[in-house]
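Student: Pasting final_3.txt here (compact mmCIF, C-alpha atoms and all ligand atoms):
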```txt
# COMPACT_ATOMS: atom_id res chain seq x y z
CA MET A 576 11.03 -34.97 7.56
CA PRO A 577 10.39 -32.92 4.40
CA THR A 578 9.52 -29.25 4.89
CA ALA A 579 6.63 -27.33 3.37
CA GLU A 580 9.21 -25.01 1.83
CA GLN A 581 10.87 -27.91 -0.03
CA ILE A 582 7.53 -29.16 -1.31
CA ARG A 583 6.52 -25.65 -2.35
CA ALA A 584 9.80 -25.12 -4.22
CA ALA A 585 9.31 -28.42 -6.07
CA VAL A 586 5.62 -28.13 -6.89
CA GLU A 587 5.12 -24.42 -7.51
CA PRO A 588 6.85 -24.37 -10.95
CA LEU A 589 4.32 -26.98 -12.14
CA LEU A 590 1.55 -24.47 -11.49
CA ALA A 591 3.21 -21.66 -13.43
CA GLN A 592 1.54 -19.94 -16.36
CA GLY A 593 -1.64 -19.42 -14.37
CA ARG A 594 -2.48 -23.12 -13.96
CA GLY A 595 -3.27 -22.70 -10.29
CA THR A 596 -1.98 -21.85 -6.84
CA LEU A 597 -0.89 -23.87 -3.83
CA ARG A 598 -3.55 -23.61 -1.14
CA SER A 599 -1.77 -25.49 1.63
CA ILE A 600 0.98 -27.98 2.36
CA GLU A 601 1.00 -30.20 5.45
CA CYS A 602 4.05 -32.34 6.20
CA ALA A 603 3.82 -35.14 8.78
CA ALA A 604 6.77 -36.44 10.78
CA ASP A 605 6.53 -39.82 9.03
CA GLY A 606 7.08 -38.19 5.63
CA ARG A 607 3.45 -38.07 4.51
CA VAL A 608 2.63 -34.89 2.64
CA GLU A 609 -0.80 -33.40 1.96
CA ILE A 610 -1.00 -30.84 -0.81
CA ALA A 611 -4.04 -28.75 -1.71
CA VAL A 612 -4.05 -26.98 -5.07
CA ALA A 613 -6.58 -24.51 -6.43
CA LEU A 614 -6.80 -24.92 -10.19
CA SER A 615 -7.53 -22.19 -12.69
CA PRO A 616 -9.65 -23.17 -15.73
CA ALA A 617 -6.36 -23.64 -17.63
CA GLY A 618 -5.09 -25.97 -14.91
CA ALA A 619 -8.40 -27.82 -14.64
CA ALA A 620 -8.17 -28.60 -18.36
CA ILE A 621 -5.03 -30.66 -17.74
CA GLN A 622 -5.90 -31.84 -14.25
CA ASP A 623 -4.93 -35.52 -14.69
CA GLU A 624 -1.59 -34.66 -16.21
CA LEU A 625 -0.91 -32.10 -13.47
CA ALA A 626 -1.85 -34.59 -10.76
CA LYS A 627 0.67 -37.09 -12.11
CA LEU A 628 3.36 -34.43 -12.22
CA VAL A 629 2.62 -33.22 -8.68
CA TYR A 630 2.67 -36.79 -7.28
CA LYS A 631 5.91 -37.54 -9.04
CA THR A 632 7.66 -34.26 -8.19
CA ALA A 633 6.57 -34.07 -4.54
CA GLY A 634 7.24 -37.80 -4.13
CA SER A 635 10.83 -37.34 -5.19
CA VAL A 636 11.59 -34.75 -2.47
CA ALA A 637 13.93 -36.29 0.11
CA GLY A 638 12.07 -37.84 3.04
CA VAL A 639 8.61 -37.97 1.41
CA THR A 640 6.90 -41.33 1.96
CA ASP A 641 3.42 -40.61 0.61
CA VAL A 642 1.63 -37.80 -1.22
CA ALA A 643 -2.05 -36.92 -0.87
CA LEU A 644 -3.33 -34.37 -3.35
CA GLU A 645 -6.52 -32.36 -3.34
CA PHE A 646 -7.67 -30.14 -6.19
CA ASP A 647 -10.29 -27.47 -6.06
CA GLU A 648 -11.15 -24.61 -8.35
CA LEU A 649 -9.89 -21.08 -8.06
CA THR A 650 -12.72 -18.76 -7.17
CA PRO A 651 -12.95 -16.17 -9.90
CA GLU A 652 -12.38 -12.56 -8.85
CA PRO A 653 -15.72 -10.91 -8.13
CA VAL A 654 -16.84 -8.69 -10.97
CA ALA A 655 -17.08 -5.19 -9.65
CA PRO A 656 -20.38 -3.38 -10.00
CA PRO A 657 -20.01 0.03 -11.59
CA GLN A 658 -19.51 2.80 -9.06
CA SER A 659 -19.75 6.47 -9.64
CA GLY A 660 -16.50 8.12 -10.56
CA VAL A 661 -14.24 5.11 -10.03
CA PRO A 662 -14.55 2.60 -12.85
CA GLY A 663 -13.99 -1.00 -11.92
CA HIS A 664 -13.98 -0.33 -8.20
CA PRO A 665 -15.09 -3.28 -6.04
CA PRO A 666 -17.33 -2.66 -3.07
CA LEU A 667 -15.24 -1.82 -0.03
CA GLN A 668 -16.57 -4.66 2.09
CA ASP A 669 -15.28 -7.17 -0.48
CA ALA A 670 -11.68 -6.06 -0.14
CA LEU A 671 -9.47 -8.60 1.59
CA ALA A 672 -12.45 -10.92 1.92
CA GLY A 673 -10.13 -13.85 1.28
CA VAL A 674 -7.59 -12.86 3.93
CA GLN A 675 -7.93 -14.76 7.19
CA ASN A 676 -5.51 -12.90 9.44
CA VAL A 677 -4.02 -9.44 9.22
CA ILE A 678 -1.07 -8.88 11.51
CA CYS A 679 0.32 -5.35 11.75
CA VAL A 680 3.95 -5.29 12.81
CA GLY A 681 4.80 -2.08 14.63
CA SER A 682 7.50 -0.60 16.81
CA GLY A 683 7.94 2.51 18.85
CA LYS A 684 10.98 3.68 16.93
CA GLY A 685 12.96 2.85 13.80
CA GLY A 686 15.97 0.61 13.58
CA VAL A 687 14.75 -2.12 15.93
CA GLY A 688 14.48 -4.63 13.08
CA LYS A 689 10.74 -4.40 12.47
CA SER A 690 11.01 -4.76 8.68
CA THR A 691 13.62 -7.49 8.95
CA LEU A 692 11.32 -9.46 11.25
CA THR A 693 8.27 -8.81 9.05
CA ALA A 694 10.06 -10.17 5.96
CA ASN A 695 11.41 -13.19 7.81
CA LEU A 696 8.13 -13.89 9.60
CA GLY A 697 6.52 -13.85 6.15
CA ALA A 698 9.06 -16.40 4.91
CA ALA A 699 8.57 -18.48 8.07
CA LEU A 700 4.78 -18.51 7.70
CA ALA A 701 5.13 -19.53 4.05
CA ALA A 702 7.53 -22.30 5.10
CA GLU A 703 4.78 -23.55 7.43
CA GLY A 704 2.57 -23.85 4.35
CA LYS A 705 0.58 -20.68 5.05
CA ARG A 706 -0.51 -18.51 2.16
CA THR A 707 1.19 -15.28 3.02
CA GLY A 708 1.31 -11.67 1.86
CA VAL A 709 3.43 -8.78 3.06
CA LEU A 710 2.23 -5.20 2.72
CA ASP A 711 4.89 -2.59 3.24
CA ALA A 712 3.00 0.28 4.84
CA ASP A 713 6.24 1.81 6.10
CA VAL A 714 5.70 4.53 3.55
CA TRP A 715 8.62 6.69 4.64
CA GLY A 716 11.20 3.96 5.03
CA TYR A 717 9.97 1.22 2.72
CA SER A 718 12.48 -1.61 2.70
CA ILE A 719 10.40 -4.72 2.09
CA PRO A 720 11.09 -4.88 -1.68
CA ARG A 721 14.83 -4.81 -1.06
CA MET A 722 14.57 -7.52 1.58
CA PHE A 723 12.88 -9.80 -0.97
CA GLY A 724 15.34 -8.98 -3.74
CA LEU A 725 12.85 -6.84 -5.65
CA GLY A 726 13.91 -3.58 -7.23
CA ASN A 727 11.45 -0.94 -8.19
CA GLU A 728 9.47 -3.13 -10.55
CA ARG A 729 6.11 -1.92 -11.67
CA PRO A 730 3.43 -4.44 -10.71
CA GLN A 731 1.12 -5.57 -13.49
CA VAL A 732 -2.57 -4.87 -13.52
CA SER A 733 -5.19 -7.56 -14.10
CA GLY A 734 -8.13 -7.40 -16.46
CA GLU A 735 -10.29 -6.44 -13.49
CA ARG A 736 -8.03 -3.44 -12.83
CA LYS A 737 -6.51 -5.03 -9.75
CA ILE A 738 -2.82 -4.52 -8.96
CA LEU A 739 -1.07 -7.90 -9.08
CA PRO A 740 1.44 -8.19 -6.24
CA PRO A 741 4.83 -9.63 -7.23
CA VAL A 742 5.28 -13.08 -5.72
CA VAL A 743 8.61 -14.13 -4.22
CA ALA A 744 8.96 -17.67 -2.82
CA GLY A 745 5.19 -17.90 -2.70
CA ILE A 746 4.79 -14.63 -0.77
CA LYS A 747 2.70 -11.84 -2.27
CA ILE A 748 4.42 -8.52 -1.79
CA MET A 749 3.20 -4.96 -2.14
CA SER A 750 5.03 -1.74 -1.36
CA ILE A 751 4.83 1.93 -2.13
CA GLY A 752 8.42 1.44 -3.29
CA PHE A 753 7.06 -0.20 -6.48
CA PHE A 754 5.45 3.08 -7.48
CA LEU A 755 8.28 5.50 -6.81
CA GLU A 756 11.58 6.28 -8.41
CA GLU A 757 14.35 4.58 -6.46
CA ASP A 758 15.17 6.36 -3.20
CA ALA A 759 12.72 9.14 -3.97
CA ALA A 760 11.82 11.16 -0.89
CA VAL A 761 8.10 11.17 -0.33
CA VAL A 762 6.10 13.82 1.38
CA TRP A 763 2.78 12.35 2.34
CA ARG A 764 -0.12 14.46 3.33
CA GLY A 765 -2.72 12.79 5.51
CA PRO A 766 -5.48 12.29 2.92
CA MET A 767 -3.00 11.09 0.27
CA LEU A 768 -1.57 8.59 2.66
CA HIS A 769 -5.00 7.37 3.63
CA LYS A 770 -5.92 7.01 -0.04
CA ALA A 771 -2.70 5.16 -0.90
CA LEU A 772 -3.24 2.69 1.93
CA GLN A 773 -6.82 2.23 0.88
CA GLN A 774 -5.63 1.38 -2.62
CA PHE A 775 -3.12 -1.11 -1.27
CA LEU A 776 -5.79 -2.89 0.67
CA GLU A 777 -8.60 -2.57 -1.79
CA ASP A 778 -7.11 -2.57 -5.27
CA VAL A 779 -4.43 -5.21 -4.83
CA ALA A 780 -5.40 -8.74 -5.85
CA TRP A 781 -4.43 -10.34 -2.53
CA GLY A 782 -6.69 -13.30 -3.22
CA GLU A 783 -6.88 -16.05 -0.62
CA LEU A 784 -4.32 -15.57 2.16
CA ASP A 785 -3.90 -17.12 5.57
CA TYR A 786 -1.75 -14.20 6.73
CA LEU A 787 -1.21 -10.68 5.56
CA LEU A 788 1.64 -9.03 7.45
CA VAL A 789 1.60 -5.25 7.42
CA ASP A 790 4.92 -3.52 8.08
CA LEU A 791 3.85 -0.29 9.78
CA PRO A 792 6.02 2.81 10.00
CA PRO A 793 7.63 3.21 13.42
CA GLY A 794 5.86 5.23 16.06
CA THR A 795 2.28 6.22 16.33
CA GLY A 796 0.54 8.10 13.61
CA ASP A 797 -1.52 8.46 10.50
CA VAL A 798 -0.75 5.11 8.97
CA SER A 799 -1.70 3.13 12.03
CA MET A 800 -4.88 5.18 12.37
CA SER A 801 -5.82 4.52 8.75
CA ILE A 802 -5.05 0.84 9.05
CA ALA A 803 -7.13 0.60 12.19
CA GLN A 804 -9.98 2.30 10.35
CA PHE A 805 -9.74 0.03 7.29
CA LEU A 806 -9.02 -3.17 9.13
CA PRO A 807 -10.76 -2.89 12.44
CA ARG A 808 -10.01 -6.48 13.40
CA ALA A 809 -6.36 -6.56 12.41
CA ARG A 810 -4.03 -7.60 15.18
CA PHE A 811 -0.92 -5.77 16.27
CA LEU A 812 2.46 -7.33 16.95
CA ILE A 813 5.06 -5.18 18.72
CA VAL A 814 8.76 -5.38 18.04
CA THR A 815 11.11 -4.02 20.66
CA THR A 816 14.74 -4.31 21.65
CA PRO A 817 15.59 -5.34 25.22
CA GLN A 818 16.61 -2.00 26.70
CA PRO A 819 14.25 0.02 28.91
CA THR A 820 14.08 3.11 26.65
CA ALA A 821 13.03 1.00 23.67
CA GLN A 822 10.44 -0.62 25.85
CA LYS A 823 9.06 2.79 26.78
CA VAL A 824 8.58 3.87 23.15
CA ALA A 825 7.20 0.46 22.21
CA ARG A 826 4.66 0.87 24.99
CA ARG A 827 3.49 4.13 23.39
CA ALA A 828 2.92 2.30 20.11
CA ALA A 829 0.97 -0.32 22.00
CA GLU A 830 -1.15 2.36 23.66
CA MET A 831 -1.90 3.83 20.24
CA ALA A 832 -2.98 0.41 19.01
CA THR A 833 -5.29 0.05 21.98
CA LYS A 834 -6.73 3.53 21.43
CA THR A 835 -7.52 2.70 17.83
CA ASP A 836 -9.06 -0.58 18.98
CA LEU A 837 -6.50 -2.78 17.25
CA GLU A 838 -6.13 -5.99 19.20
CA LEU A 839 -2.59 -6.55 20.46
CA CYS A 840 -1.44 -10.11 19.93
CA GLY A 841 2.14 -10.34 21.10
CA VAL A 842 5.64 -8.95 21.53
CA ILE A 843 8.83 -9.99 19.78
CA GLU A 844 12.11 -8.93 21.28
CA ASN A 845 14.78 -8.38 18.65
CA MET A 846 18.54 -7.96 19.03
CA SER A 847 18.20 -9.90 22.28
CA HIS A 848 21.82 -10.94 22.63
CA PHE A 849 24.90 -11.79 20.64
CA THR A 850 26.82 -15.03 20.97
CA THR A 851 30.42 -15.16 19.77
CA PRO A 852 31.67 -18.17 17.77
CA SER A 853 33.33 -19.41 20.98
CA GLY A 854 29.95 -19.36 22.71
CA GLU A 855 30.38 -16.25 24.84
CA ARG A 856 27.10 -14.37 25.18
CA PHE A 857 26.76 -10.59 25.31
CA ASP A 858 23.54 -8.73 26.10
CA ILE A 859 24.48 -5.82 23.87
CA PHE A 860 21.18 -3.99 24.28
CA GLY A 861 20.49 -5.14 27.83
CA SER A 862 18.11 -7.93 28.64
CA GLY A 863 14.60 -8.68 29.72
CA GLY A 864 12.83 -5.71 28.08
CA GLY A 865 10.66 -7.80 25.79
CA GLN A 866 9.43 -10.00 28.63
CA GLU A 867 8.74 -6.97 30.82
CA LEU A 868 6.74 -5.28 28.08
CA ALA A 869 4.84 -8.48 27.37
CA ASP A 870 4.05 -8.94 31.07
CA GLU A 871 2.97 -5.36 31.44
CA LEU A 872 0.62 -5.57 28.44
CA GLU A 873 -0.44 -9.11 29.36
CA LEU A 874 0.67 -10.40 25.98
CA PRO A 875 2.69 -13.45 25.00
CA LEU A 876 6.37 -12.92 24.24
CA LEU A 877 6.45 -14.69 20.88
CA GLY A 878 10.19 -14.70 20.46
CA GLN A 879 13.61 -13.39 21.42
CA VAL A 880 15.64 -12.99 18.27
CA PRO A 881 19.40 -12.76 18.75
CA LEU A 882 21.72 -10.52 16.80
CA THR A 883 23.39 -12.53 14.07
CA MET A 884 25.49 -11.39 11.14
CA PRO A 885 23.64 -13.61 8.64
CA LEU A 886 20.29 -11.97 9.49
CA ARG A 887 21.72 -8.59 8.57
CA ALA A 888 23.62 -9.94 5.56
CA GLN A 889 20.60 -11.75 4.12
CA SER A 890 18.41 -8.66 4.47
CA ASP A 891 20.98 -6.79 2.44
CA ALA A 892 21.29 -9.67 -0.05
CA GLY A 893 17.54 -9.69 -0.63
CA VAL A 894 16.70 -13.24 0.47
CA PRO A 895 15.16 -13.70 3.92
CA LEU A 896 17.47 -15.61 6.25
CA VAL A 897 14.70 -18.02 7.19
CA SER A 898 14.56 -19.20 3.56
CA VAL A 899 18.28 -19.90 3.16
CA ALA A 900 19.62 -20.68 6.63
CA PRO A 901 16.70 -21.87 8.75
CA ASP A 902 19.11 -23.19 11.40
CA ASP A 903 20.73 -19.84 12.11
CA PRO A 904 19.81 -18.95 15.73
CA ALA A 905 17.94 -15.82 14.60
CA ALA A 906 16.04 -17.83 11.96
CA VAL A 907 15.18 -20.50 14.55
CA ALA A 908 13.76 -17.83 16.88
CA ILE A 909 11.75 -16.23 14.06
CA ARG A 910 10.39 -19.60 12.93
CA GLU A 911 9.32 -20.32 16.50
CA ALA A 912 7.65 -16.91 16.68
CA ALA A 913 5.77 -17.68 13.44
CA ARG A 914 4.59 -21.00 14.86
CA SER A 915 3.45 -19.24 18.04
CA LEU A 916 1.58 -16.74 15.90
CA ILE A 917 -0.17 -19.59 14.09
CA ALA A 918 -1.01 -21.18 17.43
CA LEU A 919 -2.83 -18.04 18.55
CA SER A 920 -6.41 -18.63 17.51
CA PRO A 921 -7.14 -17.17 14.08
CA ILE A 922 -9.99 -14.78 13.71
CA ALA A 923 -12.21 -14.20 10.70
CA LEU A 924 -11.85 -10.69 9.42
CA PRO A 925 -14.50 -8.58 7.84
CA MET A 926 -12.51 -5.91 6.04
CA MET A 927 -12.66 -2.33 4.93
CA GLN A 928 -15.47 -0.94 6.97
CA VAL A 929 -14.92 2.64 6.09
CA ALA A 930 -15.20 4.56 2.87
CA PRO A 931 -13.35 7.74 3.82
CA ALA A 932 -15.47 10.63 2.70
CA GLY A 933 -13.75 12.65 0.04
CA ALA A 934 -10.30 11.16 0.66
CA SER A 935 -8.47 11.70 -2.57
CA GLY A 936 -5.37 13.10 -4.08
CA LEU A 937 -3.41 10.05 -5.09
CA SER A 938 -3.78 7.52 -7.79
CA LEU A 939 -0.98 5.00 -7.89
CA PRO A 940 0.66 4.82 -11.29
CA MET A 941 0.24 1.32 -12.60
CA ALA A 942 2.26 -0.53 -15.18
P1 LIG B 1 13.29 -1.11 11.24
O1 LIG B 1 12.34 -1.69 10.24
O2 LIG B 1 12.83 -1.33 12.66
O3 LIG B 1 13.68 0.30 10.98
P2 LIG B 1 15.27 -2.83 9.99
O4 LIG B 1 14.51 -4.10 9.88
O5 LIG B 1 15.46 -2.01 8.78
O6 LIG B 1 14.66 -1.95 11.17
O7 LIG B 1 16.67 -3.21 10.66
C1 LIG B 1 17.69 -2.26 10.86
C2 LIG B 1 19.05 -2.91 10.61
O8 LIG B 1 19.34 -3.88 11.60
C3 LIG B 1 19.11 -3.65 9.28
O9 LIG B 1 20.38 -3.48 8.73
C4 LIG B 1 18.91 -5.11 9.67
O10 LIG B 1 19.53 -6.00 8.76
C5 LIG B 1 19.58 -5.15 11.02
N1 LIG B 1 19.01 -6.13 11.94
C6 LIG B 1 17.75 -6.20 12.40
N2 LIG B 1 17.61 -7.22 13.28
C7 LIG B 1 18.82 -7.82 13.37
C8 LIG B 1 19.35 -8.93 14.11
N3 LIG B 1 18.59 -9.62 14.97
N4 LIG B 1 20.65 -9.28 13.91
C9 LIG B 1 21.44 -8.57 13.07
N5 LIG B 1 21.02 -7.50 12.37
C10 LIG B 1 19.74 -7.13 12.51
```
For the file at hand, write its structure as structure tokens.
Ligand code: ADP

Tutor:
Amino acid sequence: MPTAEQIRAAVEPLLAQGRGTLRSIECAADGRVEIAVALSPAGAAIQDELAKLVYKTAGSVAGVTDVALEFDELTPEPVAPPQSGVPGHPPLQDALAGVQNVICVGSGKGGVGKSTLTANLGAALAAEGKRTGVLDADVWGYSIPRMFGLGNERPQVSGERKILPPVVAGIKIMSIGFFLEEDAAVVWRGPMLHKALQQFLEDVAWGELDYLLVDLPPGTGDVSMSIAQFLPRARFLIVTTPQPTAQKVARRAAEMATKTDLELCGVIENMSHFTTPSGERFDIFGSGGGQELADELELPLLGQVPLTMPLRAQSDAGVPLVSVAPDDPAAVAIREAARSLIALSPIALPMMQVAPAGASGLSLPMA
């Protein structure tokens, strides 16, 4: 059976140069593939030619028996009404209007693999044909760009003064790391942080997305509070390791989410166990913590991700494991977690309720 990832890799180059974007890819077990493409005016001008190319290219992917193609038009970016003091600023309620699900990925403490899972969950959702974005809100320990092989590029800015997120393997990515000198230490004051996050949510051209994953900083604090304020209906996914102490700190993060009225949607246990090449299994960080936390919070345990060398190595190499070795046990667990996430009923999200009064102090330098 062909995978959505294979179809995406084959078809996406045909839509380069602003011709359009892939809206969805559905692959059936019998090899039938349904592709939906949103065309820009440039793409619409050569629609017949593009259709032929898409049929031919997708049809030549191994295992494909039939291709169904649907075209629609890209909705133009809304033209922002003038607002006092901030030229070209869209109304707050319009921000993220095209994003169906926002999932904040949080943990009680650092080092539990939260960013690694966020990046790989993003890749797994994209492989399922979901339009996906990843926002790195881990402002003190931003690592998402590195995990996607991006350096400190400066994102471009559109004619409508929107920041264009770099796209890697179909995933839109935004991080504070794009706006800082490499490895620069950042001291964030509350209002600056709030303003920076607001810009990431409001001024980035996220467009139409099925999922926006937000990599939160570990612990409880300003960022989570701001996110909860901006995205009142975002959902919160907790990453923990199996040992009891990790569980305890993860529970605190969960309590914070509840206090700020973010809906909790599930737990993922990372570093669950390690299996040697001869098949011997070691519970290096204990066992059962993820399930206990999930039971206690009455949430589903979406996955138990084992420790594997390739997961670490691929994070360092800058290509998510899920994209290159989907059969690695850690990748399998993450892909299952992504499918479970999709299975949880999606909710429609009205975004950006709050215009923080007088929050100011930071303007992100744009390319
Ligand atoms: P956090 O975002 O929680 O601080 P990271 O995602 O940066 O944690 O992960 C910390 C380190 O652990 C990284 O080097 C990462 O590659 C590694 N890591 C995370 N999860 C796993 C795993 N399941 N197997 C192997 N290495 C892992």

Student: With only C-alpha atoms as the counted atoms, please give the residues lying no more than 8 Å from range 695-703 of chain A, apart from itself and same-chain residues fewer than 3 positions off, as a PyMOL selection string.

Tutor: chain A and resi 578-580+600-601+691-692+706-709+744-746+786+788+895-898+906+909-910+912-914

Student: Got a sec to check which residues lie within 7 Å of ligand LIG 1 (chain B), using only C-alpha atoms and all ligand atoms, and send them as a PyMOL selection string?

Tutor: chain A and resi 682+684-692+718+793+845-846+880-884+886-888+890-891+905

Student: Would you kindly return, as a ChimeraX atom specification, each protein, DNA or RNA residue with an atom no farther than 12 Å from any atom of Leu919 in chain A, considering only C-alpha atoms and excluding same-chain residues fewer than 5 positions away?

Tutor: /A:676,678,810,839-841,874-877,912-914

Student: Grab the CA of Val894 in chain A to CA of Lys747 in chain A distance for me, in Å with one decimal place.

Tutor: 14.3 Å

Student: Name all residues at most 8 Å from Val639 in chain A (count only C-alpha atoms; drop same-chain ones fewer than 6 positions away) and give them as an MDAnalysis selection string.

Tutor: chainID A and resid 576:577 606:608 633

Student: At a cut-off of 12 Å, using all atoms listed in the file, what residues contact Ala620 in chain A? Leave out same-chain residues fewer than 3 positions from it and give the result as JSON, numbers by chain.

Tutor: {"A": [593, 594, 595, 614, 615, 616, 617, 623, 624, 625, 626, 648]}

Student: Can those selected residues be exported to a file as a JSON list (two decimals), keeping the file's coordinate frame so that it contains C-alpha atoms?

Tutor:
```json
[["chain", "number", "residue", "atom", "x", "y", "z"],
["A", 593, "GLY", "CA", -1.64, -19.42, -14.37],
["A", 594, "ARG", "CA", -2.48, -23.12, -13.96],
["A", 595, "GLY", "CA", -3.27, -22.70, -10.29],
["A", 614, "LEU", "CA", -6.80, -24.92, -10.19],
["A", 615, "SER", "CA", -7.53, -22.19, -12.69],
["A", 616, "PRO", "CA", -9.65, -23.17, -15.73],
["A", 617, "ALA", "CA", -6.36, -23.64, -17.63],
["A", 623, "ASP", "CA", -4.93, -35.52, -14.69],
["A", 624, "GLU", "CA", -1.59, -34.66, -16.21],
["A", 625, "LEU", "CA", -0.91, -32.10, -13.47],
["A", 626, "ALA", "CA", -1.85, -34.59, -10.76],
["A", 648, "GLU", "CA", -11.15, -24.61, -8.35]]
```

Student: Please complete range 790-801 of chain A so it has N, CA and C atoms, and hand it over as a tab-separated table (two decimals), in the frame of the given file.

Tutor:
```
chain	number	residue	atom	x	y	z
A	790	ASP	N	3.76	-4.17	7.46
A	790	ASP	CA	4.92	-3.52	8.08
A	790	ASP	C	4.57	-2.05	8.27
A	791	LEU	N	4.25	-1.67	9.50
A	791	LEU	CA	3.85	-0.29	9.78
A	791	LEU	C	5.07	0.62	9.92
A	792	PRO	N	4.91	1.91	9.67
A	792	PRO	CA	6.02	2.81	10.00
A	792	PRO	C	6.21	2.84	11.51
A	793	PRO	N	7.42	3.17	11.97
A	793	PRO	CA	7.63	3.21	13.42
A	793	PRO	C	6.81	4.33	14.06
A	794	GLY	N	6.54	4.17	15.32
A	794	GLY	CA	5.86	5.23	16.06
A	794	GLY	C	4.36	5.12	15.96
A	795	THR	N	3.74	6.20	16.34
A	795	THR	CA	2.28	6.22	16.33
A	795	THR	C	1.90	7.24	15.27
A	796	GLY	N	0.85	7.04	14.58
A	796	GLY	CA	0.54	8.10	13.61
A	796	GLY	C	-0.49	7.73	12.59
A	797	ASP	N	-0.48	8.54	11.52
A	797	ASP	CA	-1.52	8.46	10.50
A	797	ASP	C	-1.73	7.07	9.93
A	798	VAL	N	-0.61	6.40	9.65
A	798	VAL	CA	-0.75	5.11	8.97
A	798	VAL	C	-1.48	4.12	9.85
A	799	SER	N	-1.06	4.07	11.11
A	799	SER	CA	-1.70	3.13	12.03
A	799	SER	C	-3.17	3.47	12.18
A	800	MET	N	-3.47	4.76	12.23
A	800	MET	CA	-4.88	5.18	12.37
A	800	MET	C	-5.69	4.72	11.16
A	801	SER	N	-5.10	4.93	9.95
A	801	SER	CA	-5.82	4.52	8.75
A	801	SER	C	-6.03	3.03	8.73
```
